[in-house]
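Undergrad: Handing over data.cif, mmCIF, N, CA and C atoms.
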data_target
#
loop_
_atom_site.label_atom_id
_atom_site.label_comp_id
_atom_site.auth_asym_id
_atom_site.auth_seq_id
_atom_site.Cartn_x
_atom_site.Cartn_y
_atom_site.Cartn_z
N ARG Q 236 28.00 -18.21 -64.04
CA ARG Q 236 26.82 -17.47 -64.40
C ARG Q 236 26.09 -17.03 -63.14
N ARG Q 237 25.61 -15.74 -63.12
CA ARG Q 237 24.91 -15.19 -61.96
C ARG Q 237 23.42 -15.49 -62.02
N VAL Q 238 22.85 -15.65 -60.83
CA VAL Q 238 21.40 -15.84 -60.74
C VAL Q 238 20.76 -14.45 -60.75
N THR Q 239 19.80 -14.25 -61.62
CA THR Q 239 19.14 -12.95 -61.72
C THR Q 239 17.82 -12.97 -60.94
N GLY Q 240 17.32 -11.76 -60.62
CA GLY Q 240 16.05 -11.65 -59.92
C GLY Q 240 16.22 -11.63 -58.40
N ASP Q 241 17.43 -11.83 -57.92
CA ASP Q 241 17.65 -11.82 -56.48
C ASP Q 241 18.46 -10.59 -56.10
N GLU Q 242 18.21 -9.50 -56.80
CA GLU Q 242 18.94 -8.27 -56.56
C GLU Q 242 18.12 -7.35 -55.66
N GLY Q 243 18.76 -6.38 -55.08
CA GLY Q 243 18.05 -5.38 -54.29
C GLY Q 243 18.77 -5.11 -52.99
N SER Q 244 18.24 -4.15 -52.34
CA SER Q 244 18.85 -3.72 -51.10
C SER Q 244 17.89 -3.96 -49.95
N SER Q 245 18.41 -4.29 -48.80
CA SER Q 245 17.57 -4.50 -47.62
C SER Q 245 17.40 -3.20 -46.82
N ILE Q 246 18.09 -2.16 -47.22
CA ILE Q 246 18.01 -0.89 -46.47
C ILE Q 246 16.59 -0.31 -46.47
N PRO Q 247 15.83 -0.29 -47.57
CA PRO Q 247 14.45 0.22 -47.49
C PRO Q 247 13.58 -0.59 -46.52
N LEU Q 248 13.75 -1.89 -46.48
CA LEU Q 248 12.98 -2.72 -45.56
C LEU Q 248 13.36 -2.41 -44.11
N ILE Q 249 14.63 -2.24 -43.84
CA ILE Q 249 15.09 -1.90 -42.48
C ILE Q 249 14.56 -0.53 -42.08
N LEU Q 250 14.58 0.44 -42.97
CA LEU Q 250 14.06 1.76 -42.67
C LEU Q 250 12.56 1.73 -42.40
N LEU Q 251 11.83 0.94 -43.17
CA LEU Q 251 10.39 0.82 -42.96
C LEU Q 251 10.11 0.19 -41.59
N CYS Q 252 10.84 -0.85 -41.23
CA CYS Q 252 10.65 -1.48 -39.92
C CYS Q 252 11.00 -0.51 -38.80
N PHE Q 253 12.05 0.28 -38.98
CA PHE Q 253 12.42 1.27 -37.98
C PHE Q 253 11.33 2.33 -37.84
N LEU Q 254 10.76 2.76 -38.95
CA LEU Q 254 9.69 3.76 -38.92
C LEU Q 254 8.46 3.22 -38.19
N VAL Q 255 8.08 1.99 -38.47
CA VAL Q 255 6.93 1.38 -37.79
C VAL Q 255 7.20 1.26 -36.29
N ALA Q 256 8.41 0.82 -35.93
CA ALA Q 256 8.76 0.68 -34.51
C ALA Q 256 8.75 2.04 -33.81
N ALA Q 257 9.26 3.07 -34.46
CA ALA Q 257 9.27 4.41 -33.87
C ALA Q 257 7.85 4.94 -33.68
N PHE Q 258 6.98 4.68 -34.64
CA PHE Q 258 5.58 5.09 -34.53
C PHE Q 258 4.89 4.37 -33.38
N LEU Q 259 5.17 3.09 -33.19
CA LEU Q 259 4.59 2.33 -32.08
C LEU Q 259 5.09 2.85 -30.73
N VAL Q 260 6.36 3.15 -30.63
CA VAL Q 260 6.91 3.69 -29.39
C VAL Q 260 6.27 5.04 -29.08
N ALA Q 261 6.13 5.89 -30.08
CA ALA Q 261 5.50 7.19 -29.87
C ALA Q 261 4.05 7.02 -29.44
N GLY Q 262 3.34 6.09 -30.03
CA GLY Q 262 1.94 5.84 -29.67
C GLY Q 262 1.78 5.34 -28.25
N VAL Q 263 2.63 4.41 -27.85
CA VAL Q 263 2.57 3.89 -26.48
C VAL Q 263 2.92 4.99 -25.48
N THR Q 264 3.90 5.80 -25.80
CA THR Q 264 4.28 6.90 -24.91
C THR Q 264 3.14 7.90 -24.76
N ALA Q 265 2.51 8.28 -25.85
CA ALA Q 265 1.39 9.23 -25.79
C ALA Q 265 0.20 8.65 -25.04
N ALA Q 266 -0.12 7.39 -25.30
CA ALA Q 266 -1.26 6.76 -24.63
C ALA Q 266 -1.02 6.61 -23.13
N SER Q 267 0.18 6.22 -22.74
CA SER Q 267 0.45 6.07 -21.31
C SER Q 267 0.47 7.44 -20.62
N SER Q 268 0.94 8.46 -21.28
CA SER Q 268 0.92 9.80 -20.71
C SER Q 268 -0.51 10.28 -20.51
N ALA Q 269 -1.39 10.02 -21.47
CA ALA Q 269 -2.80 10.41 -21.34
C ALA Q 269 -3.47 9.63 -20.22
N PHE Q 270 -3.15 8.34 -20.08
CA PHE Q 270 -3.71 7.53 -19.01
C PHE Q 270 -3.27 8.03 -17.65
N LEU Q 271 -1.99 8.34 -17.49
CA LEU Q 271 -1.48 8.83 -16.22
C LEU Q 271 -2.06 10.20 -15.87
N ALA Q 272 -2.26 11.05 -16.88
CA ALA Q 272 -2.88 12.35 -16.64
C ALA Q 272 -4.32 12.18 -16.17
N GLN Q 273 -5.04 11.22 -16.73
CA GLN Q 273 -6.42 10.96 -16.31
C GLN Q 273 -6.44 10.44 -14.87
N ARG Q 274 -5.51 9.57 -14.54
CA ARG Q 274 -5.43 9.02 -13.19
C ARG Q 274 -5.11 10.13 -12.17
N ASP Q 275 -4.19 11.03 -12.52
CA ASP Q 275 -3.86 12.14 -11.64
C ASP Q 275 -5.05 13.08 -11.46
N LEU Q 276 -5.76 13.33 -12.55
CA LEU Q 276 -6.94 14.19 -12.48
C LEU Q 276 -8.00 13.56 -11.59
N GLN Q 277 -8.20 12.25 -11.70
CA GLN Q 277 -9.19 11.56 -10.86
C GLN Q 277 -8.81 11.66 -9.38
N ALA Q 278 -7.53 11.49 -9.07
CA ALA Q 278 -7.08 11.60 -7.69
C ALA Q 278 -7.28 13.02 -7.16
N ASP Q 279 -6.96 14.02 -7.97
CA ASP Q 279 -7.17 15.41 -7.55
C ASP Q 279 -8.65 15.72 -7.37
N CYS Q 280 -9.47 15.19 -8.24
CA CYS Q 280 -10.91 15.42 -8.16
C CYS Q 280 -11.51 14.72 -6.94
N ASP Q 281 -11.01 13.54 -6.60
CA ASP Q 281 -11.46 12.86 -5.39
C ASP Q 281 -11.13 13.69 -4.16
N GLY Q 282 -9.93 14.25 -4.12
CA GLY Q 282 -9.55 15.11 -3.01
C GLY Q 282 -10.40 16.36 -2.91
N ALA Q 283 -10.71 16.95 -4.05
CA ALA Q 283 -11.57 18.14 -4.07
C ALA Q 283 -12.98 17.80 -3.59
N ALA Q 284 -13.47 16.62 -3.94
CA ALA Q 284 -14.81 16.20 -3.50
C ALA Q 284 -14.84 15.99 -1.98
N VAL Q 285 -13.79 15.40 -1.44
CA VAL Q 285 -13.73 15.21 0.02
C VAL Q 285 -13.64 16.56 0.72
N ALA Q 286 -12.86 17.48 0.17
CA ALA Q 286 -12.76 18.82 0.75
C ALA Q 286 -14.11 19.53 0.69
N ALA Q 287 -14.80 19.39 -0.43
CA ALA Q 287 -16.10 20.05 -0.59
C ALA Q 287 -17.16 19.43 0.32
N ALA Q 288 -17.02 18.14 0.62
CA ALA Q 288 -18.00 17.47 1.48
C ALA Q 288 -17.90 17.93 2.93
N SER Q 289 -16.85 18.65 3.26
CA SER Q 289 -16.70 19.16 4.63
C SER Q 289 -17.27 20.56 4.78
N ALA Q 290 -17.87 21.10 3.75
CA ALA Q 290 -18.41 22.46 3.77
C ALA Q 290 -19.83 22.44 4.32
N VAL Q 291 -19.96 22.50 5.62
CA VAL Q 291 -21.26 22.40 6.28
C VAL Q 291 -21.99 23.74 6.22
N ASP Q 292 -23.30 23.67 5.97
CA ASP Q 292 -24.15 24.85 5.95
C ASP Q 292 -24.53 25.20 7.40
N ALA Q 293 -23.81 26.15 7.97
CA ALA Q 293 -24.02 26.50 9.38
C ALA Q 293 -25.42 27.05 9.63
N ASP Q 294 -25.99 27.79 8.68
CA ASP Q 294 -27.33 28.36 8.87
C ASP Q 294 -28.37 27.26 9.03
N ALA Q 295 -28.26 26.19 8.22
CA ALA Q 295 -29.22 25.08 8.32
C ALA Q 295 -29.02 24.31 9.62
N VAL Q 296 -27.79 24.21 10.07
CA VAL Q 296 -27.51 23.48 11.32
C VAL Q 296 -28.12 24.23 12.51
N TYR Q 297 -27.89 25.54 12.54
CA TYR Q 297 -28.37 26.32 13.67
C TYR Q 297 -29.86 26.60 13.61
N ALA Q 298 -30.47 26.33 12.46
CA ALA Q 298 -31.92 26.51 12.35
C ALA Q 298 -32.67 25.42 13.11
N GLY Q 299 -32.00 24.30 13.39
CA GLY Q 299 -32.66 23.26 14.17
C GLY Q 299 -33.06 22.08 13.31
N ALA Q 300 -34.09 21.62 13.15
CA ALA Q 300 -34.68 20.65 12.22
C ALA Q 300 -33.80 19.48 11.79
N LEU Q 301 -32.80 19.11 12.57
CA LEU Q 301 -31.97 17.95 12.23
C LEU Q 301 -32.16 16.88 13.28
N SER Q 302 -32.28 15.64 12.80
CA SER Q 302 -32.35 14.53 13.74
C SER Q 302 -30.96 13.90 13.87
N GLU Q 303 -30.81 12.95 14.75
CA GLU Q 303 -29.52 12.29 14.95
C GLU Q 303 -29.08 11.50 13.72
N ALA Q 304 -30.03 11.00 12.93
CA ALA Q 304 -29.69 10.17 11.77
C ALA Q 304 -29.30 11.00 10.56
N ASP Q 305 -29.63 12.28 10.55
CA ASP Q 305 -29.33 13.13 9.40
C ASP Q 305 -27.86 13.50 9.36
N ALA Q 306 -27.33 13.57 8.17
CA ALA Q 306 -25.99 14.13 8.01
C ALA Q 306 -26.12 15.64 7.99
N LEU Q 307 -25.06 16.31 8.28
CA LEU Q 307 -25.11 17.77 8.25
C LEU Q 307 -25.26 18.26 6.81
N PRO Q 308 -26.14 19.23 6.58
CA PRO Q 308 -26.33 19.72 5.21
C PRO Q 308 -25.13 20.53 4.74
N LEU Q 309 -24.92 20.50 3.44
CA LEU Q 309 -23.79 21.20 2.83
C LEU Q 309 -24.28 22.47 2.14
N ALA Q 310 -23.42 23.45 2.07
CA ALA Q 310 -23.72 24.70 1.37
C ALA Q 310 -23.00 24.70 0.04
N THR Q 311 -23.70 25.04 -1.03
CA THR Q 311 -23.13 25.01 -2.37
C THR Q 311 -21.96 25.96 -2.52
N ASP Q 312 -22.13 27.19 -2.04
CA ASP Q 312 -21.05 28.17 -2.21
C ASP Q 312 -19.82 27.80 -1.39
N LEU Q 313 -20.01 27.25 -0.19
CA LEU Q 313 -18.88 26.81 0.63
C LEU Q 313 -18.20 25.59 0.01
N ALA Q 314 -19.00 24.68 -0.56
CA ALA Q 314 -18.43 23.50 -1.22
C ALA Q 314 -17.61 23.90 -2.43
N GLN Q 315 -18.11 24.86 -3.21
CA GLN Q 315 -17.37 25.34 -4.38
C GLN Q 315 -16.06 26.00 -3.94
N ALA Q 316 -16.13 26.81 -2.88
CA ALA Q 316 -14.92 27.48 -2.39
C ALA Q 316 -13.90 26.47 -1.86
N ALA Q 317 -14.37 25.44 -1.17
CA ALA Q 317 -13.46 24.42 -0.65
C ALA Q 317 -12.82 23.63 -1.78
N ALA Q 318 -13.59 23.31 -2.81
CA ALA Q 318 -13.04 22.58 -3.96
C ALA Q 318 -12.03 23.43 -4.71
N GLU Q 319 -12.32 24.71 -4.87
CA GLU Q 319 -11.37 25.61 -5.55
C GLU Q 319 -10.09 25.80 -4.74
N GLU Q 320 -10.22 25.87 -3.42
CA GLU Q 320 -9.03 25.99 -2.57
C GLU Q 320 -8.17 24.74 -2.67
N TYR Q 321 -8.81 23.59 -2.68
CA TYR Q 321 -8.06 22.34 -2.83
C TYR Q 321 -7.35 22.31 -4.19
N ALA Q 322 -8.05 22.75 -5.23
CA ALA Q 322 -7.46 22.76 -6.56
C ALA Q 322 -6.27 23.70 -6.63
N SER Q 323 -6.35 24.83 -5.96
CA SER Q 323 -5.22 25.76 -5.98
C SER Q 323 -4.03 25.20 -5.19
N ARG Q 324 -4.30 24.47 -4.11
CA ARG Q 324 -3.22 23.86 -3.35
C ARG Q 324 -2.61 22.66 -4.07
N ALA Q 325 -3.35 22.06 -4.98
CA ALA Q 325 -2.83 20.90 -5.73
C ALA Q 325 -1.70 21.31 -6.65
N GLY Q 326 -1.67 22.58 -7.05
CA GLY Q 326 -0.58 23.09 -7.87
C GLY Q 326 -0.64 22.67 -9.33
N ARG Q 327 -1.74 22.18 -9.79
CA ARG Q 327 -1.89 21.80 -11.19
C ARG Q 327 -2.28 23.02 -12.00
N THR Q 328 -1.74 23.15 -13.18
CA THR Q 328 -2.10 24.27 -14.04
C THR Q 328 -3.34 23.91 -14.85
N GLY Q 329 -4.24 24.84 -14.97
CA GLY Q 329 -5.44 24.64 -15.78
C GLY Q 329 -6.45 23.68 -15.16
N PHE Q 330 -6.41 23.50 -13.87
CA PHE Q 330 -7.29 22.56 -13.16
C PHE Q 330 -8.57 23.30 -12.80
N ALA Q 331 -9.71 22.91 -13.38
CA ALA Q 331 -10.98 23.59 -13.14
C ALA Q 331 -11.92 22.66 -12.39
N VAL Q 332 -12.62 23.19 -11.39
CA VAL Q 332 -13.56 22.40 -10.60
C VAL Q 332 -14.91 23.10 -10.57
N ARG Q 333 -15.96 22.28 -10.43
CA ARG Q 333 -17.32 22.80 -10.29
C ARG Q 333 -18.05 21.87 -9.34
N ALA Q 334 -18.53 22.40 -8.23
CA ALA Q 334 -19.20 21.60 -7.21
C ALA Q 334 -20.71 21.79 -7.30
N ARG Q 335 -21.43 20.68 -7.08
CA ARG Q 335 -22.89 20.71 -7.04
C ARG Q 335 -23.31 19.94 -5.80
N VAL Q 336 -24.17 20.53 -4.99
CA VAL Q 336 -24.57 19.94 -3.71
C VAL Q 336 -26.01 19.48 -3.77
N ASP Q 337 -26.26 18.28 -3.22
CA ASP Q 337 -27.60 17.75 -3.06
C ASP Q 337 -27.73 17.31 -1.60
N LEU Q 338 -28.18 18.23 -0.75
CA LEU Q 338 -28.26 18.04 0.71
C LEU Q 338 -26.92 17.65 1.30
N GLU Q 339 -26.70 16.36 1.61
CA GLU Q 339 -25.44 15.97 2.24
C GLU Q 339 -24.45 15.37 1.26
N ARG Q 340 -24.79 15.31 0.00
CA ARG Q 340 -23.91 14.72 -1.02
C ARG Q 340 -23.42 15.82 -1.96
N VAL Q 341 -22.13 15.78 -2.27
CA VAL Q 341 -21.55 16.76 -3.18
C VAL Q 341 -20.96 16.03 -4.37
N GLU Q 342 -21.14 16.61 -5.54
CA GLU Q 342 -20.57 16.07 -6.76
C GLU Q 342 -19.67 17.14 -7.36
N VAL Q 343 -18.42 16.78 -7.61
CA VAL Q 343 -17.43 17.72 -8.13
C VAL Q 343 -17.01 17.27 -9.52
N ALA Q 344 -17.16 18.15 -10.49
CA ALA Q 344 -16.70 17.89 -11.86
C ALA Q 344 -15.38 18.61 -12.05
N CYS Q 345 -14.39 17.90 -12.53
CA CYS Q 345 -13.04 18.46 -12.71
C CYS Q 345 -12.61 18.30 -14.16
N GLY Q 346 -11.76 19.18 -14.60
CA GLY Q 346 -11.25 19.08 -15.96
C GLY Q 346 -9.96 19.87 -16.12
N ARG Q 347 -9.19 19.48 -17.08
CA ARG Q 347 -7.99 20.21 -17.45
C ARG Q 347 -7.49 19.71 -18.79
N VAL Q 348 -6.68 20.52 -19.43
CA VAL Q 348 -6.06 20.15 -20.70
C VAL Q 348 -4.62 19.74 -20.41
N VAL Q 349 -4.24 18.55 -20.88
CA VAL Q 349 -2.90 18.04 -20.63
C VAL Q 349 -2.14 17.91 -21.94
N ASP Q 350 -0.88 18.19 -21.88
CA ASP Q 350 -0.01 18.01 -23.03
C ASP Q 350 0.51 16.57 -23.02
N VAL Q 351 0.55 15.96 -24.19
CA VAL Q 351 1.08 14.61 -24.30
C VAL Q 351 2.30 14.63 -25.22
N PRO Q 352 3.28 13.79 -24.92
CA PRO Q 352 4.42 13.71 -25.82
C PRO Q 352 3.98 13.20 -27.19
N PHE Q 353 4.57 13.71 -28.22
CA PHE Q 353 4.24 13.34 -29.61
C PHE Q 353 2.79 13.66 -29.95
N GLY Q 354 2.20 14.64 -29.27
CA GLY Q 354 0.82 15.01 -29.53
C GLY Q 354 0.60 15.49 -30.95
N TRP Q 355 1.59 16.17 -31.50
CA TRP Q 355 1.50 16.65 -32.88
C TRP Q 355 1.35 15.49 -33.86
N LEU Q 356 1.88 14.33 -33.50
CA LEU Q 356 1.82 13.17 -34.38
C LEU Q 356 0.44 12.53 -34.40
N PHE Q 357 -0.30 12.68 -33.29
CA PHE Q 357 -1.61 12.05 -33.16
C PHE Q 357 -2.74 13.08 -33.09
N ASP Q 358 -2.53 14.24 -33.69
CA ASP Q 358 -3.53 15.30 -33.78
C ASP Q 358 -3.99 15.78 -32.40
N ALA Q 359 -3.06 15.84 -31.45
CA ALA Q 359 -3.35 16.37 -30.12
C ALA Q 359 -2.31 17.41 -29.76
N GLY Q 360 -1.94 18.21 -30.72
CA GLY Q 360 -0.90 19.20 -30.52
C GLY Q 360 -1.27 20.27 -29.50
N ASN Q 361 -2.56 20.57 -29.37
CA ASN Q 361 -3.00 21.57 -28.40
C ASN Q 361 -3.31 20.94 -27.04
N GLY Q 362 -3.08 19.67 -26.89
CA GLY Q 362 -3.34 18.96 -25.64
C GLY Q 362 -4.64 18.19 -25.69
N LEU Q 363 -4.80 17.32 -24.71
CA LEU Q 363 -6.02 16.52 -24.60
C LEU Q 363 -6.88 17.07 -23.48
N ASP Q 364 -8.17 17.17 -23.74
CA ASP Q 364 -9.10 17.64 -22.73
C ASP Q 364 -9.52 16.44 -21.88
N ARG Q 365 -9.13 16.44 -20.62
CA ARG Q 365 -9.45 15.37 -19.69
C ARG Q 365 -10.49 15.90 -18.71
N SER Q 366 -11.47 15.08 -18.36
CA SER Q 366 -12.47 15.47 -17.38
C SER Q 366 -12.93 14.25 -16.61
N THR Q 367 -13.41 14.49 -15.40
CA THR Q 367 -13.91 13.41 -14.56
C THR Q 367 -14.86 13.99 -13.52
N VAL Q 368 -15.59 13.12 -12.86
CA VAL Q 368 -16.55 13.52 -11.84
C VAL Q 368 -16.33 12.65 -10.61
N SER Q 369 -16.32 13.28 -9.43
CA SER Q 369 -16.22 12.56 -8.16
C SER Q 369 -17.34 13.02 -7.25
N SER Q 370 -17.75 12.15 -6.38
CA SER Q 370 -18.78 12.54 -5.42
C SER Q 370 -18.37 12.06 -4.03
N SER Q 371 -18.92 12.73 -3.04
CA SER Q 371 -18.62 12.39 -1.66
C SER Q 371 -19.81 12.78 -0.80
N THR Q 372 -19.93 12.13 0.33
CA THR Q 372 -20.99 12.41 1.27
C THR Q 372 -20.39 13.08 2.49
N SER Q 373 -21.13 13.96 3.09
CA SER Q 373 -20.64 14.66 4.27
C SER Q 373 -20.26 13.64 5.36
N PRO Q 374 -19.01 13.68 5.79
CA PRO Q 374 -18.58 12.72 6.81
C PRO Q 374 -19.01 13.13 8.22
N LEU Q 375 -19.57 14.32 8.33
CA LEU Q 375 -19.92 14.86 9.65
C LEU Q 375 -21.36 14.53 10.00
N ARG Q 376 -21.57 14.18 11.23
CA ARG Q 376 -22.92 13.90 11.76
C ARG Q 376 -23.19 14.85 12.92
N PRO Q 377 -24.44 15.23 13.13
CA PRO Q 377 -24.73 16.12 14.25
C PRO Q 377 -24.53 15.43 15.59
#
As a first step, turn the structure in this file into structure tokens.

TA:
Amino acid sequence: RRVTGDEGSSIPLILLCFLVAAFLVAGVTAASSAFLAQRDLQADCDGAAVAAASAVDADAVYAGALSEADALPLATDLAQAAAEEYASRAGRTGFAVRARVDLERVEVACGRVVDVPFGWLFDAGNGLDRSTVSSSTSPLRP
């Protein structure tokens, strides 16, 4: 006599476990890609901030009024141009920079949209908008 109630197939359970595992792998891959893109953007933005901090305002320097303790003043338009030049040399696509100067300190805001693997699965099919801010002080002294 056969025992009843112990019938069925294990294939649906195996398929469900495979589906869950595949979803987890896709999630980890997408998350690590987004993290690495943010880290790369931060490194590029740090470089742009250092480049922008070297944009000395020559008119203010030659006007006089600087003591030995003062850092050289920065020019906003020169800092923006230096940050944009650094961004173009970085070779990243869609890399946008905006520099803001406060006397000898420059703050650079950077952003770009990055594509992530399996983005369509996590509602990021058009890419993730990544942004960061870096600041630097003029390394030059009179």

Undergrad: When the PyMOL selection byres ((chain Q and resi 369) around 6) is applied to the file above, which residues end up in the set, as a list in words?

TA: Cys280, Asp281, Ala284, Val341, Glu342, Val343, Ala344, Cys345, Thr367, Val368, Ser370 and Ser371 of chain Q

Undergrad: Looking at Q:Val349, Q:Thr328, Q:Ser245, Q:Ser289, which one is nearest to Gly362 in chain Q, with distances taken over all atoms listed in the file?

TA: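 Ranked by minimum distance to Gly362 in chain Q, first place goes to Q:Val349.
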
Undergrad: Apply DSSP to the backbone of this structure and, from chain Q, keep only the residues in strand (DSSP E); write these as a list in words.

TA: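 Strand (DSSP E) members of chain Q, listed: Ala331, Val332, Arg333, Ala334, Arg335, Val336, Asp337, Arg340, Val341, Glu342, Val343, Ala344, Cys345, Gly346, Arg347, Val348, Val349, Leu363, Asp364, Arg365, Ser366, Thr367, Val368, Ser369, Ser370, Ser371 and Thr372 of chain Q.
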
Undergrad: I'd like the interatomic distance between atom C of Ala290 in chain Q and atom N of Ala310 in chain Q, to a tenth of an Å.

TA: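 Answer for the atom C of Ala290 in chain Q to atom N of Ala310 in chain Q separation: 4.4 Å.
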
Undergrad: Evaluate the PyMOL selection byres (((chain Q and resi 311 and name CA) around 9) and name CA) on the structure here and hand back the selected residues as a list of chain:residue names.

TA: Q:Ala287, Q:Ala290, Q:Asp292, Q:Leu309, Q:Ala310, Q:Asp312, Q:Leu313, Q:Ala314, Q:Gln315, Q:Ala316, Q:Ala334, Q:Arg335, Q:Val336, Q:Asp337, Q:Val341

Undergrad: Report as a Markdown table: every residue of range 300-364 of chain Q with an atom at most 8 Å from range 258-266 of chain Q, its closest pair of atoms, and their distance in Å to one decimal, counting only N, CA and C atoms, with rows sorted by chain and ascending residue number.

TA:
| residue | atom | partner | partner_atom | distance |
| --- | --- | --- | --- | --- |
| Q:Asp350 | C | Q:Ala265 | CA | 7.9 |
| Q:Val351 | C | Q:Ala265 | CA | 5.5 |
| Q:Pro352 | C | Q:Ala265 | CA | 4.9 |
| Q:Phe353 | N | Q:Ala265 | CA | 6.0 |
| Q:Gly354 | N | Q:Ala265 | CA | 6.5 |
| Q:Phe357 | CA | Q:Gly262 | CA | 8.0 |

Undergrad: For CA of Gly282 in chain Q and atom C of Glu339 in chain Q, quote the distance in Å rounded to one decimal.

TA: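 So the answer is 15.5 Å.
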
Undergrad: Work out how far atom C of Ala317 in chain Q is from atom N of Val348 in chain Q, in Å to one decimal.

TA: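 Separating atom N of Val348 in chain Q from atom C of Ala317 in chain Q is a distance of 18.9 Å.
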
Undergrad: Would you list, as a PyMOL selection string, the residues of chain Q that end up in helix (DSSP H, G or I) under DSSP run on this structure's backbone?

TA: chain Q and resi 246-287+293-298+311-325+354-357

Undergrad: So which residues get picked by the PyMOL selection byres (((chain Q and resi 347 and name CA) around 6) and name CA) here, written as a list in words?

TA: Gly329, Phe330, Gly346, Val348, Asp364 and Arg365 of chain Q

Undergrad: From the list Q:Ala325, Q:Ala318, Q:Leu254, Q:Leu356, which residue is nearest Ala283 in chain Q when using only N, CA and C atoms?

TA: Q:Ala318
